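Everything on this sheet refers to the single structure shown next.
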Amino acid sequence: MSRYPHPDLNALPDDIKAQVLAVQEKAGFIPNVFLALARRPAEWRAFFAYHDALMLKEDSGLTKGDREMIVTTTSAANQCLYCVVAHGAILRIYEKKPLVADQVAVNYRKADITPRQRAMLDFAMKVCQASHTIDDVDFDALHAHGFTDEDAWDIAAITAFFGLSNRMASFSGMAPNPEFYLMGRTPKAKS
């Protein structure tokens with residue numbers, strides 16, 4: 001499991017503890033990333049501030065599902081088990097497609113996604129694997145599917161941020177919570 005022990009929830013600074021408890025109330029469990037990174041409060045705050053700026057941004061051409069698809073696909077390229085499993089679960093929920101996360105994690109080029117999403121992932125993967133080769137042709141391919149230059153920035157920023165996240169999760173031995181494996185795979189029972 002993790003190479004670094006998680007801090008005691010009750011010993012965390014009040015602002016971090018409150019945010020972790022809010023996530024627990026919404027999700028029904030505490031995703032391991034919240035406690036794993038809390039061992040360094042200043043870094044936790046910076047990480048989640050940037051995470052939220054990218055992933056919760058409202059004025060963007062990217063949907064929540066698009067964002068999670070970028071994370072799942074590029075995290076698979078970076079071989080980050082935690083992020084593929086955790087963000088794959090969220091992707092399945094947002095897209096309401098129980099197979100999509102496995103498909104994009106293994107080979108997004110053969111996944112059941114739209115041509116627009118394929119163009120988005122082509123760009124994200126180039127940022128992930130060869131950002132130094134991005135040129136006007138790559139932007140033109142996005143523009144052909146209705147993406148703006150600001151959308152391209154969002155795709156690149158999400159890819160880059162999760163490159164950092166992938167490396168932190170992998171080197172530290174962060175394990176996905178068991179709950180993530182089943183989320184979004186079967187429809188919820190109606191109450």
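Chain labels follow the order of the structure tokens: the first chain is A, the next B, and so on; residue numbering restarts at 1 in every chain, and ligands are counted from 1 in their shown order.
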Item to complete: Would you mind listing what lies within 10 Å of Pro7 (chain A) as a list of chain:residue names, with only C-alpha atoms counted and same-chain residues fewer than 3 positions away left out?
Response: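 What passes the distance filter is A:Tyr4, A:Asn10, A:Ala11, A:Leu12, A:Leu35, A:Ala36, A:Leu37, A:Ala38, A:Arg39, A:Arg40.
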Store the residues picked out above in a file with N, CA and C atoms, as a PDB file, in the first residue's frame.
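This went into out_7.pdb:
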ATOM      1  N   TYR A   4       3.727   6.146   2.542  1.00  0.00           N
ATOM      2  CA  TYR A   4       3.641   7.210   3.527  1.00  0.00           C
ATOM      3  C   TYR A   4       2.321   7.064   4.284  1.00  0.00           C
ATOM      4  N   ASN A  10      -8.376  13.721  12.479  1.00  0.00           N
ATOM      5  CA  ASN A  10      -8.635  14.696  13.552  1.00  0.00           C
ATOM      6  C   ASN A  10      -7.444  15.590  13.847  1.00  0.00           C
ATOM      7  N   ALA A  11      -6.272  15.252  13.320  1.00  0.00           N
ATOM      8  CA  ALA A  11      -5.085  16.076  13.546  1.00  0.00           C
ATOM      9  C   ALA A  11      -4.855  17.068  12.404  1.00  0.00           C
ATOM     10  N   LEU A  12      -5.693  17.026  11.377  1.00  0.00           N
ATOM     11  CA  LEU A  12      -5.518  17.915  10.232  1.00  0.00           C
ATOM     12  C   LEU A  12      -5.944  19.338  10.567  1.00  0.00           C
ATOM     13  N   LEU A  35      -6.327  12.062   1.932  1.00  0.00           N
ATOM     14  CA  LEU A  35      -5.518  11.861   3.132  1.00  0.00           C
ATOM     15  C   LEU A  35      -4.036  11.722   2.804  1.00  0.00           C
ATOM     16  N   ALA A  36      -3.724  11.092   1.676  1.00  0.00           N
ATOM     17  CA  ALA A  36      -2.316  10.904   1.311  1.00  0.00           C
ATOM     18  C   ALA A  36      -1.603  12.242   1.153  1.00  0.00           C
ATOM     19  N   LEU A  37      -2.271  13.204   0.527  1.00  0.00           N
ATOM     20  CA  LEU A  37      -1.634  14.502   0.309  1.00  0.00           C
ATOM     21  C   LEU A  37      -1.735  15.424   1.520  1.00  0.00           C
ATOM     22  N   ALA A  38      -2.627  15.116   2.462  1.00  0.00           N
ATOM     23  CA  ALA A  38      -2.830  15.978   3.628  1.00  0.00           C
ATOM     24  C   ALA A  38      -1.647  15.976   4.583  1.00  0.00           C
ATOM     25  N   ARG A  39      -0.707  15.082   4.370  1.00  0.00           N
ATOM     26  CA  ARG A  39       0.475  15.054   5.240  1.00  0.00           C
ATOM     27  C   ARG A  39       1.303  16.331   5.104  1.00  0.00           C
ATOM     28  N   ARG A  40       1.064  17.055   4.002  1.00  0.00           N
ATOM     29  CA  ARG A  40       1.724  18.340   3.770  1.00  0.00           C
ATOM     30  C   ARG A  40       0.635  19.375   3.458  1.00  0.00           C
TER      31      ARG A  40
END
So that each row is one residue of region 15-103 of chain A with an atom at most 10 Å from region 111-126 of chain A, can you give its shortest atom pair and the distance in Å to one decimal, using only C-alpha atoms, rows by chain and rising number, as JSON lines?
{"residue": "A:Leu62", "atom": "CA", "partner": "A:Met120", "partner_atom": "CA", "distance": 9.4}
{"residue": "A:Gly65", "atom": "CA", "partner": "A:Gln117", "partner_atom": "CA", "distance": 9.9}
{"residue": "A:Asp66", "atom": "CA", "partner": "A:Gln117", "partner_atom": "CA", "distance": 7.2}
{"residue": "A:Arg67", "atom": "CA", "partner": "A:Met120", "partner_atom": "CA", "distance": 9.9}
{"residue": "A:Met69", "atom": "CA", "partner": "A:Leu121", "partner_atom": "CA", "distance": 7.9}
{"residue": "A:Ile70", "atom": "CA", "partner": "A:Leu121", "partner_atom": "CA", "distance": 6.3}
{"residue": "A:Val71", "atom": "CA", "partner": "A:Ala124", "partner_atom": "CA", "distance": 9.1}
{"residue": "A:Thr73", "atom": "CA", "partner": "A:Leu121", "partner_atom": "CA", "distance": 7.4}
{"residue": "A:Thr74", "atom": "CA", "partner": "A:Met125", "partner_atom": "CA", "distance": 6.2}
{"residue": "A:Ser75", "atom": "CA", "partner": "A:Met125", "partner_atom": "CA", "distance": 9.9}
{"residue": "A:Ala77", "atom": "CA", "partner": "A:Met125", "partner_atom": "CA", "distance": 8.0}
{"residue": "A:Lys97", "atom": "CA", "partner": "A:Asp112", "partner_atom": "CA", "distance": 9.4}
{"residue": "A:Leu99", "atom": "CA", "partner": "A:Asp112", "partner_atom": "CA", "distance": 8.5}
{"residue": "A:Val100", "atom": "CA", "partner": "A:Asp112", "partner_atom": "CA", "distance": 6.8}
{"residue": "A:Ala101", "atom": "CA", "partner": "A:Ala111", "partner_atom": "CA", "distance": 8.9}
{"residue": "A:Asp102", "atom": "CA", "partner": "A:Ala111", "partner_atom": "CA", "distance": 8.7}
{"residue": "A:Gln103", "atom": "CA", "partner": "A:Ala111", "partner_atom": "CA", "distance": 5.0}
Check your understanding: How many Å separate CA of Thr148 (chain A) from CA of Gly163 (chain A)?
Key ->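 These two atoms are separated by 22.6 Å.
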Original post:
Separation of CA of Lys96 (chain A) and CA of Arg185 (chain A), in Å?
Top reply: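 Calculated distance between CA of Lys96 (chain A) and CA of Arg185 (chain A) is 8.9 Å.
The nearest approach to Ile30 (chain A) among the residues A:Ala105, A:Leu56, A:Ala86, A:Cys128, with only C-alpha atoms taken into account, belongs to A:Ala86.
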